[in-house]
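Please read the structure below before turning to the comments.
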Amino acid sequence: MINITPLIPELFLLVMAIVVLMLDLFSSRRTVVVPAYVSMAAVIITGFLVFKFGGDAVRWGSNAIFVADSFSQFFKVIILGAAFLAIGSSFGTADRMTHHRGEFFALLLFSTVGMMFLVSAKELILLYVGLELTTIPLFVLVAYQKTNRASSEAGLKYLIIGAASSAILLYGLSLLYGYTGTTYLNEIAQKTAVYFLSHGFIPNAEGTTDLVGMGPAFSVALMMIIAGLTFKLAIVPFHMWAPDVYEGAPTPITAFLSVGSKAAGLAAIIRIFDGMLYAFSHDTMPNDSWGTMMAVLAAVTMVAGNIIAIRQTNIKRMLAYSSIAQAGYILIGVIAASKLGVASCGFYMFAYMFANMGAFAIVGLYAEKTGKKNISDFAGLSKTSPIIAALMTMFMLSLAGIPPLAGFMAKYYIFAAAIEAGYTWLVILALLMSVVSLYYYANVVRIMYMVDSDNKHHIIPSFPAGLVLALTGIGVLLFGILPQSILDMAYKTASSFIF
Amino acid sequence: MDIGLYHYLSLAAFLFAIGLYGILTRRNAIAILMSLELMFNAVNINLVAFNRFSGSDGLSGQIFALFVIAIAAAEATVGLAIVILIYRNWRSIDADRVNLLKW
Amino acid sequence: MTYSYPILTYTIFLPLIGAVLLLFIDKEKHNAIRWTSAFFSFITLIMTLVILKDFDWTTAQMQFMETHSWIPAIGSNYILGVDGISVPMLVLTSLISLIAIVISFNITKRVKEYFVFFLLLECGMIGVFAALDFFLFYVFWEIMLVPMYFLIGIWGGPQREYAAIKFFLYTLFGSIFMLVAILILYFTSEPHTLSMMELIQIGPSFSHNIQIMAFAFFFIAFAIKVPVWPFHTWLPDAHVQAPTAISIILAAVLLKMGTYGMLRISWPMLPEGIQYFSVPIAILGVIAIIYGALVSLAQKDLKKLVAYSSVSHMGYCMLALAAYTSVTAMAGCMFQMISHGLITGALFLLVGVLYDRAHTREIAAFGGIGKKLPVYTALMVMFGMASLGLPGMSGFISEFMVFVGSFDHFWAEYWYIVALAILGVVLTAAYILRMIQNVFLGEFDEERWGHLTDINIRETLCVAPLAVLTIIFGIYPDPVIKLMEASLNNLVTLMAR
């Protein structure tokens, strides 16, 4: 008999998603309030369950296939937080839909369940199923505004790119399976490690090992897995889909996409590279090849994301490029391949969640009230809605990494991990790019505060949107000044890995 | 000549490459979806072949393939639904003409 | 000296409390807003004076220390403390802040936001001078940038947005090098620590390369703030575009943070760094002195002239800092920081007063207004003389100490570097006298400037403390020097390691 207690949070959320789907059938069609509040409550309860039933694993024989370790708990908190905030800021969007309001929230919950599986998966099949459960509902959600051309176009693009990257990832996974004969991550880890220790490396001229030294199938598998997963994270050069999809999708979904699915993809990358293939990053292994490759990817991502973001006029596209750049920073933590590195990835994601969800909430709110989406449309916001403008300023500065906000703490932590791991050049580049990023983040602030306009839109958020803004605002400030408890939690997550 | 693992793997690699090529070059959304199916099926061949030839007594490769088939079906469903949506909105399923957003 | 209550924490966060309180005042009640912020700033000044009174100047120990665990995960603690180097800066900061707030009473645009940002700025500035933990220091250092960005960008001159973002980006660019240096030092030290005092103890044990690299990184960060030529290009824009009060703050406090950072951090912590870079820094200092003075000589805009004179005057600080073996030079540097704060602060204030009335700062547009505005002219001439180092004013004392100290250090070789710097004094006299002549003497254009009124009481009250202090320090500098002597002696010993 398999012990399924660790699965209880996921099962609960799955049931609640079905309940929300059913609610839509039975409740009156006039209001979004019931399914939305039920979903929010479900997410909160799931959050409690995650902690209540944490620490154990679902096993098949001696191999874990699903672990509820502290690492997955931490990322589940981020994912659930993102889901909660996304639902909270969806009221307005969902309200303007004529059909299928309940499904909107149900799909969001299904996707959340998928992410939770993804971060807990210790087995390739489960990992893949979790990944698809994450993305397939998101394809629908992105294209949810049925009569909106941009939305359906974004849906198509996301579908094609998402499915193609899944196929590439899957091909890599199949090679990995063929190479090791197993789908359990821990067995794969053992077998690769044993292989390295027994066969040794084929060192190249510099005395380090390159991927070729590990057999061509393995290096192809690795490349394809990196390509597939970095597609999900929108790492350059696999980022082209992100701006279009972000721009076309309904704003709360964009926010969810940029935080939730990024967190889940990041967790998978960490599981695979820092966890399963730890042999690559282990001290005893004279590696560097994949680290250097990922470092180059991170560097290119930061440079491209930040520089292209400067030119954007549409705020959602700007935030899309900014989130591409942010993914580059996060990747630094993965590359550091240390306890501090994993911890910093977790904390970065956590801090990023508040700032990004908050920023998108304001963008969505503003577009709902005024129908405007350009950065220049925010002119004069500081006079008409000073609190909204102040919050937006905080989110922008947090994303730029200005103290004492959470984003700064996150950047500091990730840079500390990288310096410890010896990637000083990467840190200097990342910091230079954060100066560049300040330019376009501050540009939003400049337009809100320094450009005069006859803007008369006084933005009054609804209760759930106000709640979202309050939570994100508090989060950005609080975890910038007193981050200790979260840092501790993040550091504990690293105990799930062998370094 | 015996048909061995390498034959299957080569077939899968070719299928995968054809699928990838199709995605990159075809402009018709339906054709792109079909190319995607090719890629998934290439993976399935890989998985089943590895399962058969790797000598391990488990069935995880075949089970994996079953999951992939099921998920690919779901993906195709959603895909076709979105293509219909695109057709309603644009009166066309040519990916080149669906270009409101900068690609 | 320790108190039963954390006086430094109170001093730092008092302006913040004021800023929060301001948020609750109706934004139309301008006078309530003004007086509330002036009140909080005044209390802050009183607090720093209390610190000054109870400060024990006979020891180089850190005083009023506060240590609390803050973020153990990154090794950061909440450590505050002051010594003879930071106490004068604290008092200067709070005094200048009060003056700047009072001189800003004539701001009518978005008054509430202005004073909120101003108090935030004061909080950050005081924090920088009291923080003894690297992380805390960096946080305060960066916090200041945000209100500064708004203050220049909203209330500045025609090019304000450009100047604001330039200032923000430029300073952030410098800060990132500091951040890297901090992280390098953190991971080099065993056990890892971010405490400045501990790092000063173990700093010399770091390898030569680490010391040189960290020193260079810190230097870029601080040099941009000072600003040392060639990192000075943000300064003219920021100064000219900023509103009067912010120019005063920039000149009197913000620039000092660069030199303060050097005295507090990179000089004692990385002695091999300063020993290695001493001559290049002296050369940069002399270039700044001469270049700043020459550019001032060519200025047509009164405010730009004062701005470039800051580059020149801060060059003296750099020259003194390069002479790391001489206590006199260090004291000269500190004295120059204080006296430049007083004099240039006052000059910016006076230029602002004239601009408010005449709506132009073009030197050529004026002439002979000395007859029309006698009090104003007297003050302006006095501070002009102080700026060019007339004996009896604080500027003379500081420059004299700088020269004596740096000659002392560079006597064996490189004495000609210092000799070149003396040329700067002549050039300073040239541009100050030229300015006085063109603006205050000569033909008076009654038709154009007949409506000008003399400096009013509020403005006079603002300048008065600066004038009094400039003269007192010029005649009797002893108390100031005593105040910092012990700390500076200690500093020189630390650098000789």
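In the structure tokens, chains take the letters A, B, ... in the order shown, each chain's residues start at 1, and ligands count up from 1 in the order shown.
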
Residues of chain A within 6 Å of chain C, counting only C-alpha atoms, as a VMD selection string:
chain A and resid 403 431 450 484

Can you work out which residues from chain A touch chain B at a cut-off of 6 Å (counting only C-alpha atoms) and hand them back as a PDB file with N, CA and C atoms, in the first residue's frame?
ATOM      1  N   ILE A 125       8.320  10.714 -15.218  1.00  0.00           N
ATOM      2  CA  ILE A 125       6.955  10.718 -15.745  1.00  0.00           C
ATOM      3  C   ILE A 125       6.108  11.732 -14.987  1.00  0.00           C
ATOM      4  N   ARG A 149      -8.636  39.509 -30.370  1.00  0.00           N
ATOM      5  CA  ARG A 149      -7.685  38.932 -31.320  1.00  0.00           C
ATOM      6  C   ARG A 149      -6.314  38.694 -30.682  1.00  0.00           C
ATOM      7  N   SER A 152      -6.288  35.573 -28.464  1.00  0.00           N
ATOM      8  CA  SER A 152      -6.243  34.271 -29.130  1.00  0.00           C
ATOM      9  C   SER A 152      -4.913  34.071 -29.843  1.00  0.00           C
ATOM     10  N   ALA A 167       8.118  19.015 -26.160  1.00  0.00           N
ATOM     11  CA  ALA A 167       8.605  17.903 -26.974  1.00  0.00           C
ATOM     12  C   ALA A 167      10.126  17.819 -26.907  1.00  0.00           C
ATOM     13  N   TYR A 171      12.178  14.743 -25.376  1.00  0.00           N
ATOM     14  CA  TYR A 171      13.192  14.013 -26.123  1.00  0.00           C
ATOM     15  C   TYR A 171      14.450  13.868 -25.273  1.00  0.00           C
ATOM     16  N   SER A 174      13.794  11.344 -22.650  1.00  0.00           N
ATOM     17  CA  SER A 174      13.801   9.971 -23.148  1.00  0.00           C
ATOM     18  C   SER A 174      15.236   9.478 -23.315  1.00  0.00           C
ATOM     19  N   GLY A 178      16.971   6.399 -21.539  1.00  0.00           N
ATOM     20  CA  GLY A 178      17.691   5.356 -22.255  1.00  0.00           C
ATOM     21  C   GLY A 178      19.101   5.196 -21.721  1.00  0.00           C
ATOM     22  N   ASP A 244       5.094  38.485 -26.432  1.00  0.00           N
ATOM     23  CA  ASP A 244       3.816  38.403 -27.136  1.00  0.00           C
ATOM     24  C   ASP A 244       2.741  37.796 -26.255  1.00  0.00           C
TER      25      ASP A 244
END

Mind giving me the straight-line distance from atom CA of Tyr179 of chain A to atom CA of Ala217 of chain A in Å, one decimal?
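A separation of 7.4 Å between them.
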
Need the shell around Phe463 of chain A: protein/DNA/RNA residues with any atom at most 10 Å away, counting only C-alpha atoms. Skip same-chain ones fewer than 4 positions apart. Format as a PDB file with N, CA and C atoms, in the first residue's frame?
ATOM      1  N   GLY A  88      -7.075  37.060  -6.859  1.00  0.00           N
ATOM      2  CA  GLY A  88      -7.525  38.321  -6.266  1.00  0.00           C
ATOM      3  C   GLY A  88      -7.581  39.446  -7.275  1.00  0.00           C
ATOM      4  N   SER A  89      -6.635  39.453  -8.219  1.00  0.00           N
ATOM      5  CA  SER A  89      -6.668  40.554  -9.187  1.00  0.00           C
ATOM      6  C   SER A  89      -7.473  40.193 -10.436  1.00  0.00           C
ATOM      7  N   PHE A  91     -10.802  39.584 -10.449  1.00  0.00           N
ATOM      8  CA  PHE A  91     -12.236  39.855 -10.331  1.00  0.00           C
ATOM      9  C   PHE A  91     -12.728  40.734 -11.469  1.00  0.00           C
ATOM     10  N   LEU A 467      -6.885  44.190  -1.580  1.00  0.00           N
ATOM     11  CA  LEU A 467      -6.217  43.206  -0.732  1.00  0.00           C
ATOM     12  C   LEU A 467      -4.897  42.769  -1.377  1.00  0.00           C
ATOM     13  N   VAL A 468      -4.972  42.506  -2.675  1.00  0.00           N
ATOM     14  CA  VAL A 468      -3.767  42.089  -3.399  1.00  0.00           C
ATOM     15  C   VAL A 468      -2.694  43.168  -3.283  1.00  0.00           C
ATOM     16  N   LEU A 469      -3.094  44.420  -3.495  1.00  0.00           N
ATOM     17  CA  LEU A 469      -2.112  45.505  -3.449  1.00  0.00           C
ATOM     18  C   LEU A 469      -1.551  45.656  -2.045  1.00  0.00           C
TER      19      LEU A 469
END

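Rounded to one decimal, atom CA of Arg101 of chain A and atom CA of Val19 of chain A lie 13.5 Å from each other.
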
As a VMD selection string, please: the residues near Asn106 of chain C (cut-off 12 Å, only C-alpha atoms, same-chain neighbours under 2 positions excluded).
chain C and resid 30 to 31 34 100 to 104 108 to 111 114 to 115 155 243 to 245 352 to 353 356 to 357 456 458 to 459

One decimal, in Å: what's the spacing between atom CA of Leu21 of chain A and atom CA of Val363 of chain A?
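These atoms are spaced 27.8 Å apart.
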
Hey, what does DSSP flag as helix (DSSP H, G or I) within chain B? Can you give it to me as a ChimeraX atom specification?
/B:5-25,29-53,60-90

Output C-alpha atoms of each residue in that selection to a file, as a PDB file, in the first residue's frame.
ATOM      1  CA  LEU B   5      18.183  -0.091 -31.043  1.00  0.00           C
ATOM      2  CA  TYR B   6      20.067   2.237 -33.324  1.00  0.00           C
ATOM      3  CA  HIS B   7      17.553   1.832 -36.093  1.00  0.00           C
ATOM      4  CA  TYR B   8      14.746   2.841 -33.830  1.00  0.00           C
ATOM      5  CA  LEU B   9      16.702   5.725 -32.416  1.00  0.00           C
ATOM      6  CA  SER B  10      17.602   6.922 -35.894  1.00  0.00           C
ATOM      7  CA  LEU B  11      13.981   6.720 -36.966  1.00  0.00           C
ATOM      8  CA  ALA B  12      12.956   8.699 -33.879  1.00  0.00           C
ATOM      9  CA  ALA B  13      15.645  11.279 -34.484  1.00  0.00           C
ATOM     10  CA  PHE B  14      14.522  11.708 -38.088  1.00  0.00           C
ATOM     11  CA  LEU B  15      10.885  12.027 -37.072  1.00  0.00           C
ATOM     12  CA  PHE B  16      11.806  14.550 -34.421  1.00  0.00           C
ATOM     13  CA  ALA B  17      13.853  16.561 -36.881  1.00  0.00           C
ATOM     14  CA  ILE B  18      11.043  16.502 -39.438  1.00  0.00           C
ATOM     15  CA  GLY B  19       8.614  17.691 -36.771  1.00  0.00           C
ATOM     16  CA  LEU B  20      10.915  20.493 -35.655  1.00  0.00           C
ATOM     17  CA  TYR B  21      11.469  21.514 -39.243  1.00  0.00           C
ATOM     18  CA  GLY B  22       7.734  21.544 -39.784  1.00  0.00           C
ATOM     19  CA  ILE B  23       7.141  23.834 -36.824  1.00  0.00           C
ATOM     20  CA  LEU B  24       9.746  26.238 -38.009  1.00  0.00           C
ATOM     21  CA  THR B  25       8.686  26.378 -41.641  1.00  0.00           C
ATOM     22  CA  ALA B  29      -1.544  26.279 -37.841  1.00  0.00           C
ATOM     23  CA  ILE B  30      -2.966  22.796 -38.383  1.00  0.00           C
ATOM     24  CA  ALA B  31       0.241  21.707 -40.046  1.00  0.00           C
ATOM     25  CA  ILE B  32       2.185  23.041 -37.089  1.00  0.00           C
ATOM     26  CA  LEU B  33       0.045  21.003 -34.739  1.00  0.00           C
ATOM     27  CA  MET B  34       0.671  17.927 -36.869  1.00  0.00           C
ATOM     28  CA  SER B  35       4.401  18.576 -36.728  1.00  0.00           C
ATOM     29  CA  LEU B  36       4.152  18.733 -32.968  1.00  0.00           C
ATOM     30  CA  GLU B  37       2.522  15.308 -32.980  1.00  0.00           C
ATOM     31  CA  LEU B  38       5.464  14.016 -34.977  1.00  0.00           C
ATOM     32  CA  MET B  39       7.843  15.236 -32.314  1.00  0.00           C
ATOM     33  CA  PHE B  40       5.868  13.595 -29.545  1.00  0.00           C
ATOM     34  CA  ASN B  41       5.703  10.353 -31.450  1.00  0.00           C
ATOM     35  CA  ALA B  42       9.415  10.441 -32.012  1.00  0.00           C
ATOM     36  CA  VAL B  43       9.791  10.571 -28.263  1.00  0.00           C
ATOM     37  CA  ASN B  44       7.445   7.629 -27.913  1.00  0.00           C
ATOM     38  CA  ILE B  45       9.516   5.524 -30.283  1.00  0.00           C
ATOM     39  CA  ASN B  46      12.571   6.450 -28.275  1.00  0.00           C
ATOM     40  CA  LEU B  47      10.984   5.483 -25.000  1.00  0.00           C
ATOM     41  CA  VAL B  48       9.607   2.170 -26.171  1.00  0.00           C
ATOM     42  CA  ALA B  49      12.819   1.260 -27.942  1.00  0.00           C
ATOM     43  CA  PHE B  50      14.902   2.053 -24.885  1.00  0.00           C
ATOM     44  CA  ASN B  51      12.549   0.023 -22.763  1.00  0.00           C
ATOM     45  CA  ARG B  52      12.810  -2.945 -25.073  1.00  0.00           C
ATOM     46  CA  PHE B  53      16.550  -2.886 -25.606  1.00  0.00           C
ATOM     47  CA  SER B  60       8.580   2.501 -17.155  1.00  0.00           C
ATOM     48  CA  GLY B  61       9.503   3.429 -20.735  1.00  0.00           C
ATOM     49  CA  GLN B  62       6.272   2.043 -22.079  1.00  0.00           C
ATOM     50  CA  ILE B  63       4.243   3.630 -19.310  1.00  0.00           C
ATOM     51  CA  PHE B  64       5.982   6.892 -20.025  1.00  0.00           C
ATOM     52  CA  ALA B  65       4.984   6.532 -23.671  1.00  0.00           C
ATOM     53  CA  LEU B  66       1.355   5.947 -22.696  1.00  0.00           C
ATOM     54  CA  PHE B  67       1.362   9.122 -20.647  1.00  0.00           C
ATOM     55  CA  VAL B  68       2.917  11.027 -23.494  1.00  0.00           C
ATOM     56  CA  ILE B  69       0.233   9.781 -25.869  1.00  0.00           C
ATOM     57  CA  ALA B  70      -2.532  10.816 -23.503  1.00  0.00           C
ATOM     58  CA  ILE B  71      -1.060  14.231 -22.884  1.00  0.00           C
ATOM     59  CA  ALA B  72      -0.367  14.793 -26.554  1.00  0.00           C
ATOM     60  CA  ALA B  73      -4.015  14.084 -27.190  1.00  0.00           C
ATOM     61  CA  ALA B  74      -5.039  16.664 -24.602  1.00  0.00           C
ATOM     62  CA  GLU B  75      -2.626  19.143 -26.078  1.00  0.00           C
ATOM     63  CA  ALA B  76      -3.979  18.529 -29.557  1.00  0.00           C
ATOM     64  CA  THR B  77      -7.512  19.103 -28.293  1.00  0.00           C
ATOM     65  CA  VAL B  78      -6.655  22.427 -26.770  1.00  0.00           C
ATOM     66  CA  GLY B  79      -4.590  23.245 -29.809  1.00  0.00           C
ATOM     67  CA  LEU B  80      -7.393  22.615 -32.240  1.00  0.00           C
ATOM     68  CA  ALA B  81      -9.779  24.600 -30.032  1.00  0.00           C
ATOM     69  CA  ILE B  82      -7.418  27.561 -30.150  1.00  0.00           C
ATOM     70  CA  VAL B  83      -7.038  27.178 -33.905  1.00  0.00           C
ATOM     71  CA  ILE B  84     -10.828  27.363 -34.264  1.00  0.00           C
ATOM     72  CA  LEU B  85     -10.783  30.462 -32.071  1.00  0.00           C
ATOM     73  CA  ILE B  86      -8.122  31.966 -34.294  1.00  0.00           C
ATOM     74  CA  TYR B  87     -10.165  31.154 -37.352  1.00  0.00           C
ATOM     75  CA  ARG B  88     -13.216  32.860 -35.880  1.00  0.00           C
ATOM     76  CA  ASN B  89     -11.269  35.956 -34.991  1.00  0.00           C
ATOM     77  CA  TRP B  90      -9.091  36.210 -38.045  1.00  0.00           C
TER      78      TRP B  90
END

Skip Ala329 of chain C itself and residues of its chain fewer than 2 positions away, then list as number ranges by chain all residues within 7 Å of it, counting only C-alpha atoms.
C: 320-321, 323, 326-327, 331-333, 401-402, 405-406

Using the chain letters and numbers from this document, which residues of segment 111-352 of chain C does DSSP assign to strand (DSSP E or B), as a list of chain:residue names?
C:Ala131, C:Asp133, C:Ser195, C:Asp301

Hey, can you spit out that residue selection with C-alpha atoms as a PDB file, in the first residue's frame?
ATOM      1  CA  ALA C 131      26.177  52.763  10.396  1.00  0.00           C
ATOM      2  CA  ASP C 133      27.781  47.387   9.462  1.00  0.00           C
ATOM      3  CA  SER C 195      31.093  44.449  10.721  1.00  0.00           C
ATOM      4  CA  ASP C 301      26.026  80.601 -14.776  1.00  0.00           C
TER       5      ASP C 301
END

Find the residues near Tyr449 of chain A: any atom within 10 Å, counting only C-alpha atoms, skip ones fewer than 6 places away on the same chain, and give them as a list in words.
Phe378, Ala379, Gly380, Leu381, Ser382, Lys383, Pro386, Ala389, Ala390, Thr393 and Asn443 of chain A; Phe150, Gly153 and Ile154 of chain C

Residue neighbourhood Phe110 of chain A, 8 Å, only C-alpha atoms, exclusion window fewer than 2 positions, as a list in words
Leu13, Leu14, Ala17, Ala106, Leu107, Leu108, Thr112, Val113, Gly114, Leu133, Thr134 and Pro137 of chain A

Could you dump the residues just selected with C-alpha atoms as a PDB file, in the first residue's frame?
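Final file, out04.pdb:
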ATOM      1  CA  LEU A  13      -6.771  21.557  -4.407  1.00  0.00           C
ATOM      2  CA  LEU A  14      -7.715  19.231  -7.256  1.00  0.00           C
ATOM      3  CA  ALA A  17     -10.879  22.919  -8.598  1.00  0.00           C
ATOM      4  CA  ALA A 106     -10.996  26.209 -12.069  1.00  0.00           C
ATOM      5  CA  LEU A 107      -8.373  26.208 -14.803  1.00  0.00           C
ATOM      6  CA  LEU A 108      -6.173  28.455 -12.719  1.00  0.00           C
ATOM      7  CA  THR A 112      -1.612  25.439  -9.742  1.00  0.00           C
ATOM      8  CA  VAL A 113      -1.985  21.742  -8.942  1.00  0.00           C
ATOM      9  CA  GLY A 114       0.261  20.970 -11.892  1.00  0.00           C
ATOM     10  CA  LEU A 133      -0.892  19.916 -16.171  1.00  0.00           C
ATOM     11  CA  THR A 134       0.682  23.303 -15.549  1.00  0.00           C
ATOM     12  CA  PRO A 137      -4.742  25.022 -18.606  1.00  0.00           C
TER      13      PRO A 137
END
